[in-house]
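Enquirer: So I've got this file, final23.csv, and it contains CSV, C-alpha atoms:
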chain,number,residue,atom,x,y,z
A,1,MET,CA,-26.8,79.2,-14.4
A,2,SER,CA,-24.4,82.1,-13.8
A,3,ILE,CA,-24.5,85.3,-15.8
A,4,LYS,CA,-23.0,85.0,-19.3
A,5,LEU,CA,-21.3,88.2,-20.6
A,6,ASP,CA,-20.8,88.5,-24.3
A,7,PRO,CA,-20.8,84.7,-24.8
A,8,GLU,CA,-20.1,85.1,-28.6
A,9,GLY,CA,-17.0,87.1,-27.9
A,10,HIS,CA,-18.0,90.2,-30.0
A,11,GLU,CA,-16.1,92.6,-27.8
A,12,ILE,CA,-12.8,90.7,-27.8
A,13,ALA,CA,-13.1,90.1,-31.6
A,14,ALA,CA,-13.6,93.8,-32.2
A,15,LEU,CA,-10.6,94.6,-30.0
A,16,PHE,CA,-8.3,92.1,-31.8
A,17,ASP,CA,-9.4,93.4,-35.1
A,18,LEU,CA,-7.9,96.8,-34.2
A,19,VAL,CA,-4.8,96.0,-32.3
A,20,ASP,CA,-2.2,93.2,-32.1
A,21,LEU,CA,-1.5,92.7,-28.4
A,22,ASP,CA,1.1,89.9,-28.8
A,23,GLY,CA,4.0,90.6,-26.4
A,24,LYS,CA,2.8,94.2,-25.7
A,25,ASP,CA,2.9,96.2,-22.5
A,26,VAL,CA,-0.7,97.1,-21.9
A,27,LEU,CA,-2.5,99.4,-19.5
A,28,GLU,CA,-6.2,98.7,-18.9
A,29,ILE,CA,-8.0,101.6,-17.3
A,30,GLY,CA,-11.2,100.6,-15.5
A,31,CYS,CA,-10.7,96.8,-15.6
A,32,GLY,CA,-13.6,96.2,-13.2
A,33,ASP,CA,-13.7,92.5,-12.2
A,34,GLY,CA,-11.3,91.5,-15.0
A,35,ARG,CA,-14.0,90.5,-17.4
A,36,LEU,CA,-12.2,91.8,-20.5
A,37,THR,CA,-8.7,91.4,-19.1
A,38,TRP,CA,-8.8,87.6,-18.9
A,39,ARG,CA,-9.8,87.4,-22.5
A,40,TYR,CA,-6.6,88.9,-23.8
A,41,ALA,CA,-4.1,88.6,-20.9
A,42,GLU,CA,-2.3,85.5,-22.2
A,43,ARG,CA,-1.3,87.3,-25.4
A,44,VAL,CA,0.4,90.3,-23.8
A,45,GLY,CA,3.9,90.7,-22.5
A,46,HIS,CA,2.5,92.4,-19.4
A,47,VAL,CA,-0.7,94.2,-18.4
A,48,VAL,CA,-1.3,96.6,-15.6
A,49,ALA,CA,-5.0,96.7,-15.0
A,50,ILE,CA,-6.3,99.5,-12.7
A,51,GLU,CA,-9.6,99.9,-11.1
A,52,PRO,CA,-10.7,102.5,-8.5
A,53,PHE,CA,-13.4,100.4,-6.9
A,54,ALA,CA,-12.0,98.0,-4.3
A,55,ASN,CA,-14.9,95.5,-4.5
A,56,ALA,CA,-14.4,95.1,-8.2
A,57,ILE,CA,-10.6,94.6,-8.0
A,58,ASP,CA,-11.1,92.1,-5.2
A,59,ARG,CA,-13.3,90.0,-7.5
A,60,ALA,CA,-10.7,90.3,-10.2
A,61,ARG,CA,-8.0,89.0,-7.9
A,62,GLU,CA,-10.2,86.0,-7.0
A,63,ARG,CA,-10.7,85.1,-10.7
A,64,ILE,CA,-7.2,85.5,-12.3
A,65,PRO,CA,-6.8,82.5,-14.6
A,66,GLU,CA,-3.6,80.5,-13.8
A,67,ALA,CA,-2.2,81.1,-17.3
A,68,ALA,CA,-2.4,84.9,-16.7
A,69,ILE,CA,-1.0,85.2,-13.2
A,70,ASP,CA,2.5,86.1,-14.2
A,71,LYS,CA,1.4,88.6,-16.8
A,72,VAL,CA,-1.2,90.6,-14.9
A,73,GLU,CA,-0.7,93.3,-12.3
A,74,LEU,CA,-4.0,94.4,-10.7
A,75,ARG,CA,-4.0,97.7,-8.9
A,76,ASN,CA,-6.8,99.4,-6.9
A,77,VAL,CA,-6.2,102.9,-8.0
A,78,GLY,CA,-7.9,105.6,-10.1
A,79,PHE,CA,-6.3,106.8,-13.3
A,80,GLU,CA,-5.4,110.3,-12.1
A,81,GLU,CA,-3.4,108.9,-9.2
A,82,PHE,CA,-1.9,106.2,-11.3
A,83,ALA,CA,-0.8,108.7,-14.0
A,84,SER,CA,0.7,111.0,-11.4
A,85,THR,CA,3.3,108.4,-10.6
A,86,SER,CA,3.8,107.0,-14.1
A,87,LYS,CA,6.8,107.7,-16.2
A,88,PRO,CA,6.4,108.8,-19.8
A,89,SER,CA,6.5,106.3,-22.7
A,90,THR,CA,5.8,103.2,-20.6
A,91,PHE,CA,3.0,101.3,-22.5
A,92,ASP,CA,2.4,100.0,-26.0
A,93,VAL,CA,-1.4,100.0,-25.6
A,94,ALA,CA,-3.8,101.7,-23.3
A,95,ILE,CA,-7.3,100.3,-23.1
A,96,LEU,CA,-10.2,102.5,-21.8
A,97,SER,CA,-12.5,99.7,-20.9
A,98,TRP,CA,-16.0,101.3,-20.8
A,99,SER,CA,-14.4,103.8,-18.4
A,100,LEU,CA,-14.2,107.1,-20.1
A,101,CYS,CA,-17.9,107.7,-19.6
B,1,MET,CA,-15.7,113.0,-15.0
B,2,LYS,CA,-16.7,115.9,-17.2
B,3,HIS,CA,-15.4,117.0,-20.6
B,4,GLU,CA,-12.2,118.9,-19.6
B,5,GLY,CA,-11.3,116.2,-17.0
B,6,MET,CA,-11.7,113.6,-19.7
B,7,VAL,CA,-9.5,115.5,-22.1
B,8,HIS,CA,-6.9,115.9,-19.4
B,9,ALA,CA,-7.0,112.1,-18.9
B,10,LEU,CA,-6.5,111.6,-22.6
B,11,GLU,CA,-3.4,113.9,-22.5
B,12,GLU,CA,-2.0,111.9,-19.6
B,13,ILE,CA,-2.7,108.7,-21.5
B,14,LYS,CA,-0.8,110.0,-24.5
B,15,ARG,CA,2.1,110.9,-22.2
B,16,ILE,CA,2.5,107.4,-20.9
B,17,LEU,CA,2.2,105.8,-24.3
B,18,ARG,CA,5.3,104.9,-26.3
B,19,ARG,CA,6.0,106.4,-29.7
B,20,GLU,CA,4.3,103.7,-31.9
B,21,ALA,CA,1.6,102.9,-29.3
B,22,CYS,CA,-2.2,103.2,-29.5
B,23,LEU,CA,-5.2,103.9,-27.3
B,24,ILE,CA,-8.2,101.7,-27.5
B,25,ASP,CA,-11.5,103.2,-26.3
B,26,ILE,CA,-14.6,101.0,-25.7
B,27,HIS,CA,-17.8,102.7,-24.7
B,28,PRO,CA,-21.6,102.2,-25.3
B,29,VAL,CA,-23.4,103.7,-28.3
B,30,ARG,CA,-26.0,106.3,-27.3
B,31,GLU,CA,-29.1,104.1,-27.6
B,32,ALA,CA,-31.2,102.3,-25.0
B,33,PRO,CA,-30.2,98.6,-24.4
B,34,ILE,CA,-32.9,96.1,-25.3
B,35,ILE,CA,-34.3,93.7,-22.6
B,36,GLU,CA,-35.2,90.5,-24.3
B,37,VAL,CA,-36.7,87.1,-23.3
B,38,ARG,CA,-36.0,84.2,-25.6
B,39,THR,CA,-35.9,80.5,-25.9
B,40,THR,CA,-33.7,78.6,-28.3
B,41,ASP,CA,-36.2,79.1,-31.1
B,42,GLU,CA,-37.8,82.5,-30.6
B,43,VAL,CA,-37.8,85.9,-29.1
B,44,LEU,CA,-40.8,86.2,-26.7
B,45,PHE,CA,-40.3,89.8,-25.5
B,46,ALA,CA,-38.1,92.7,-26.4
B,47,GLU,CA,-38.3,96.3,-25.1
B,48,PRO,CA,-35.8,99.1,-24.5
B,49,SER,CA,-34.4,99.3,-21.0
B,50,ALA,CA,-36.3,101.6,-18.7
B,51,SER,CA,-33.2,102.7,-16.9
B,52,TYR,CA,-31.2,104.0,-19.8
B,53,ASP,CA,-29.6,107.3,-18.9
B,54,TYR,CA,-26.2,107.5,-20.5
B,55,ASP,CA,-26.8,110.7,-22.3
B,56,ASP,CA,-24.7,113.2,-20.3
B,57,ASP,CA,-21.7,111.1,-19.4
B,58,LEU,CA,-21.6,109.5,-22.8
B,59,GLN,CA,-21.9,112.8,-24.5
B,60,HIS,CA,-19.0,114.2,-22.5
B,61,ALA,CA,-16.9,111.1,-23.4
B,62,GLU,CA,-17.6,111.4,-27.1
B,63,ASP,CA,-16.9,115.2,-27.0
B,64,ALA,CA,-13.6,114.5,-25.2
B,65,LEU,CA,-12.5,112.1,-27.9
B,66,VAL,CA,-13.5,114.6,-30.6
B,67,SER,CA,-11.5,117.3,-28.7
B,68,ALA,CA,-8.5,115.1,-28.4
B,69,VAL,CA,-8.5,114.6,-32.2
B,70,GLU,CA,-9.1,118.3,-32.9
B,71,ARG,CA,-6.3,119.2,-30.6
B,72,ALA,CA,-4.0,116.8,-32.5
B,73,LEU,CA,-3.4,114.7,-29.4
B,74,PHE,CA,-4.6,111.6,-31.3
B,75,VAL,CA,-5.7,110.6,-34.7
B,76,LEU,CA,-8.5,108.1,-35.2
B,77,ASP,CA,-7.3,104.9,-36.8
B,78,GLY,CA,-10.4,102.7,-37.1
B,79,SER,CA,-13.5,101.8,-35.2
B,80,HIS,CA,-16.1,99.1,-35.0
B,81,GLU,CA,-19.5,98.7,-33.4
B,82,PHE,CA,-20.5,95.4,-31.8
B,83,GLU,CA,-23.3,94.0,-29.8
B,84,PHE,CA,-22.7,93.2,-26.1
B,85,VAL,CA,-25.1,90.7,-24.6
B,86,THR,CA,-25.6,89.9,-20.9
B,87,ILE,CA,-27.6,86.7,-20.4
B,88,ALA,CA,-29.3,85.4,-17.2
B,89,SER,CA,-31.6,82.6,-16.3
B,90,SER,CA,-33.9,84.8,-14.3
B,91,VAL,CA,-34.9,88.4,-13.8
B,92,VAL,CA,-33.6,88.3,-10.3
B,93,GLU,CA,-30.2,87.1,-11.5
B,94,LEU,CA,-30.1,89.9,-14.1
B,95,ARG,CA,-31.2,92.6,-11.7
B,96,ASP,CA,-28.7,91.5,-9.0
B,97,PHE,CA,-25.9,91.6,-11.5
B,98,PHE,CA,-26.7,95.1,-12.6
B,99,ALA,CA,-27.3,96.2,-9.0
B,100,VAL,CA,-23.7,95.3,-8.3
B,101,SER,CA,-22.5,97.0,-11.5
B,102,GLY,CA,-24.8,100.0,-10.8
B,103,ALA,CA,-23.4,100.4,-7.3
B,104,TYR,CA,-20.4,102.2,-9.0
B,105,GLU,CA,-22.7,104.8,-10.6
B,106,GLU,CA,-22.5,108.3,-9.3
B,107,ASP,CA,-26.2,109.0,-9.7
B,108,PRO,CA,-28.6,106.3,-8.5
B,109,LEU,CA,-32.0,106.0,-10.3
B,110,ASP,CA,-34.7,108.5,-9.4
B,111,GLU,CA,-38.0,107.3,-8.1
B,112,THR,CA,-39.8,107.6,-11.5
B,113,THR,CA,-37.2,105.7,-13.3
B,114,GLU,CA,-37.0,103.1,-10.6
B,115,ALA,CA,-40.7,102.6,-10.9
B,116,ARG,CA,-40.5,102.1,-14.7
B,117,VAL,CA,-37.7,99.6,-14.1
B,118,GLN,CA,-39.7,97.6,-11.6
B,119,GLU,CA,-42.7,97.6,-14.0
B,120,LEU,CA,-40.7,96.4,-16.9
B,121,TYR,CA,-39.0,93.6,-15.0
B,122,ALA,CA,-42.4,92.5,-13.6
B,123,ARG,CA,-43.6,92.0,-17.2
B,124,VAL,CA,-40.4,90.3,-18.1
B,125,ASP,CA,-40.8,88.0,-15.2
B,126,GLU,CA,-44.4,87.1,-16.3
B,127,VAL,CA,-43.1,86.2,-19.7
B,128,MET,CA,-40.3,84.1,-18.2
B,129,ARG,CA,-42.6,82.2,-16.0
B,130,ALA,CA,-45.0,81.4,-18.8
B,131,ALA,CA,-42.2,80.3,-21.1
B,132,GLY,CA,-40.7,77.8,-18.5
B,133,GLU,CA,-37.2,76.7,-17.7
B,134,LYS,CA,-35.7,77.1,-21.1
B,135,ALA,CA,-36.3,80.8,-21.3
B,136,ARG,CA,-33.5,83.2,-20.8
B,137,VAL,CA,-33.5,87.0,-20.2
B,138,ALA,CA,-30.9,89.1,-22.0
B,139,ARG,CA,-29.8,92.7,-22.1
B,140,ARG,CA,-28.5,93.7,-25.5
B,141,GLU,CA,-26.5,96.9,-26.0
B,142,ARG,CA,-24.4,98.3,-28.8
B,143,ALA,CA,-20.9,99.6,-28.1
B,144,ARG,CA,-18.1,101.1,-30.1
B,145,VAL,CA,-14.4,100.2,-30.0
B,146,ALA,CA,-12.0,102.8,-31.5
B,147,ARG,CA,-8.3,102.9,-32.1
B,148,LEU,CA,-6.6,106.2,-31.6
B,149,ASN,CA,-2.9,106.7,-32.4
B,150,PRO,CA,-0.9,109.5,-30.6
B,151,VAL,CA,0.2,112.3,-32.7
B,152,ARG,CA,4.0,112.9,-32.3
Could you write out this structure as structure tokens?
Expert:
Amino acid sequence: MSIKLDPEGHEIAALFDLVDLDGKDVLEIGCGDGRLTWRYAERVGHVVAIEPFANAIDRARERIPEAAIDKVELRNVGFEEFASTSKPSTFDVAILSWSLC
Amino acid sequence: MKHEGMVHALEEIKRILRREACLIDIHPVREAPIIEVRTTDEVLFAEPSASYDYDDDLQHAEDALVSAVERALFVLDGSHEFEFVTIASSVVELRDFFAVSGAYEEDPLDETTEARVQELYARVDEVMRAAGEKARVARRERARVARLNPVR
């Protein structure tokens, strides 16, 4: 048996209850191995998912669902560096995914 | 990342959000996760995690969000708490998973805490072995998701 994370989908249900992601441009900060990203990626217009730890982002790249390939841009970068090169008013939704603390 | 660093990050997030955009923050609630052993029918074991040590970083995160609202960077537009469960078929599987996750932590466990973790997992393993193949070990923690809208 492999590890099961949030098998009842409480996290994604709570997220969808607060925000409509359909067609949106999303920035996910601290995506880790893509665990949350894959649960919403098919809905968005585009998601940039950033993660400072290379091992985690490598695992994310191995696990991209086929349906999400064209919508997801994974980047191995911390937020400070990412923001320094980002233009204002770029995203509709920013998700701090267990990453502020 | 400490308080002012977190507030600066929130300022930058606001800068790169569009006018009608929102920020979603997900972080753990400040209470120890529960380590649980259960079968389909019953809970055989449940105790708080021995390695819980979120207080400082989590407090900084919560303070930063409060500061961001007080400074009129964002306004809170709803929040929910939910339970996040990690389920494994063995103690080894669960520990290996969190060893990988914990590798990203800035502060590894001290000796005393590590000893408490080992002792707890030894007891969990005993319960798992006695219960047989159908038993599962789970880590249950509560988290909060909040929506914050940028103030323009």
Enquirer: Should the cut-off be 10 Å, what would the residue list for chain A against chain B look like, counting only C-alpha atoms, as a PyMOL selection string?
Expert: chain A and resi 1-15+17-19+24-29+32-33+52-53+55-56+79-80+83-84+86-101
Enquirer: Please, could you write that set of residues out with C-alpha atoms as a PDB file, in the coordinates of the input?
Expert:
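Generated file (out15.pdb):
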ATOM      1  CA  MET A   1     -26.800  79.200 -14.400  1.00  0.00           C
ATOM      2  CA  SER A   2     -24.400  82.100 -13.800  1.00  0.00           C
ATOM      3  CA  ILE A   3     -24.500  85.300 -15.800  1.00  0.00           C
ATOM      4  CA  LYS A   4     -23.000  85.000 -19.300  1.00  0.00           C
ATOM      5  CA  LEU A   5     -21.300  88.200 -20.600  1.00  0.00           C
ATOM      6  CA  ASP A   6     -20.800  88.500 -24.300  1.00  0.00           C
ATOM      7  CA  PRO A   7     -20.800  84.700 -24.800  1.00  0.00           C
ATOM      8  CA  GLU A   8     -20.100  85.100 -28.600  1.00  0.00           C
ATOM      9  CA  GLY A   9     -17.000  87.100 -27.900  1.00  0.00           C
ATOM     10  CA  HIS A  10     -18.000  90.200 -30.000  1.00  0.00           C
ATOM     11  CA  GLU A  11     -16.100  92.600 -27.800  1.00  0.00           C
ATOM     12  CA  ILE A  12     -12.800  90.700 -27.800  1.00  0.00           C
ATOM     13  CA  ALA A  13     -13.100  90.100 -31.600  1.00  0.00           C
ATOM     14  CA  ALA A  14     -13.600  93.800 -32.200  1.00  0.00           C
ATOM     15  CA  LEU A  15     -10.600  94.600 -30.000  1.00  0.00           C
ATOM     16  CA  ASP A  17      -9.400  93.400 -35.100  1.00  0.00           C
ATOM     17  CA  LEU A  18      -7.900  96.800 -34.200  1.00  0.00           C
ATOM     18  CA  VAL A  19      -4.800  96.000 -32.300  1.00  0.00           C
ATOM     19  CA  LYS A  24       2.800  94.200 -25.700  1.00  0.00           C
ATOM     20  CA  ASP A  25       2.900  96.200 -22.500  1.00  0.00           C
ATOM     21  CA  VAL A  26      -0.700  97.100 -21.900  1.00  0.00           C
ATOM     22  CA  LEU A  27      -2.500  99.400 -19.500  1.00  0.00           C
ATOM     23  CA  GLU A  28      -6.200  98.700 -18.900  1.00  0.00           C
ATOM     24  CA  ILE A  29      -8.000 101.600 -17.300  1.00  0.00           C
ATOM     25  CA  GLY A  32     -13.600  96.200 -13.200  1.00  0.00           C
ATOM     26  CA  ASP A  33     -13.700  92.500 -12.200  1.00  0.00           C
ATOM     27  CA  PRO A  52     -10.700 102.500  -8.500  1.00  0.00           C
ATOM     28  CA  PHE A  53     -13.400 100.400  -6.900  1.00  0.00           C
ATOM     29  CA  ASN A  55     -14.900  95.500  -4.500  1.00  0.00           C
ATOM     30  CA  ALA A  56     -14.400  95.100  -8.200  1.00  0.00           C
ATOM     31  CA  PHE A  79      -6.300 106.800 -13.300  1.00  0.00           C
ATOM     32  CA  GLU A  80      -5.400 110.300 -12.100  1.00  0.00           C
ATOM     33  CA  ALA A  83      -0.800 108.700 -14.000  1.00  0.00           C
ATOM     34  CA  SER A  84       0.700 111.000 -11.400  1.00  0.00           C
ATOM     35  CA  SER A  86       3.800 107.000 -14.100  1.00  0.00           C
ATOM     36  CA  LYS A  87       6.800 107.700 -16.200  1.00  0.00           C
ATOM     37  CA  PRO A  88       6.400 108.800 -19.800  1.00  0.00           C
ATOM     38  CA  SER A  89       6.500 106.300 -22.700  1.00  0.00           C
ATOM     39  CA  THR A  90       5.800 103.200 -20.600  1.00  0.00           C
ATOM     40  CA  PHE A  91       3.000 101.300 -22.500  1.00  0.00           C
ATOM     41  CA  ASP A  92       2.400 100.000 -26.000  1.00  0.00           C
ATOM     42  CA  VAL A  93      -1.400 100.000 -25.600  1.00  0.00           C
ATOM     43  CA  ALA A  94      -3.800 101.700 -23.300  1.00  0.00           C
ATOM     44  CA  ILE A  95      -7.300 100.300 -23.100  1.00  0.00           C
ATOM     45  CA  LEU A  96     -10.200 102.500 -21.800  1.00  0.00           C
ATOM     46  CA  SER A  97     -12.500  99.700 -20.900  1.00  0.00           C
ATOM     47  CA  TRP A  98     -16.000 101.300 -20.800  1.00  0.00           C
ATOM     48  CA  SER A  99     -14.400 103.800 -18.400  1.00  0.00           C
ATOM     49  CA  LEU A 100     -14.200 107.100 -20.100  1.00  0.00           C
ATOM     50  CA  CYS A 101     -17.900 107.700 -19.600  1.00  0.00           C
TER      51      CYS A 101
END
Enquirer: So how far away is atom CA of Leu76 of chain B from atom CA of Gly23 of chain A, in Å?
Expert: 23.2 Å
Enquirer: Counting all atoms listed in the file, what is within 12 Å of Thr112 of chain B, bar same-chain residues fewer than 6 positions away, as a list of chain:residue names?
Expert: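 After dropping sequence-adjacent residues, the list is B:Ala50, B:Ser51, B:Gln118, B:Glu119.
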Enquirer: Return the single residue from A:Ala54, A:Phe16, A:Ala49, A:Ala41 that is closest to Leu74 of chain A, with distances computed using only C-alpha atoms.
Expert: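 Distance minimum relative to Leu74 of chain A lands on A:Ala49.
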Enquirer: In Å, with one decimal, what is the gap from atom CA of Tyr40 of chain A to atom CA of Arg152 of chain B?
Expert: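 Value for the atom CA of Tyr40 of chain A-atom CA of Arg152 of chain B distance: 27.6 Å.
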Enquirer: Interatomic distance between atom CA of Glu36 of chain B and atom CA of Arg59 of chain A?
Expert: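 Those two atoms sit 27.6 Å apart.
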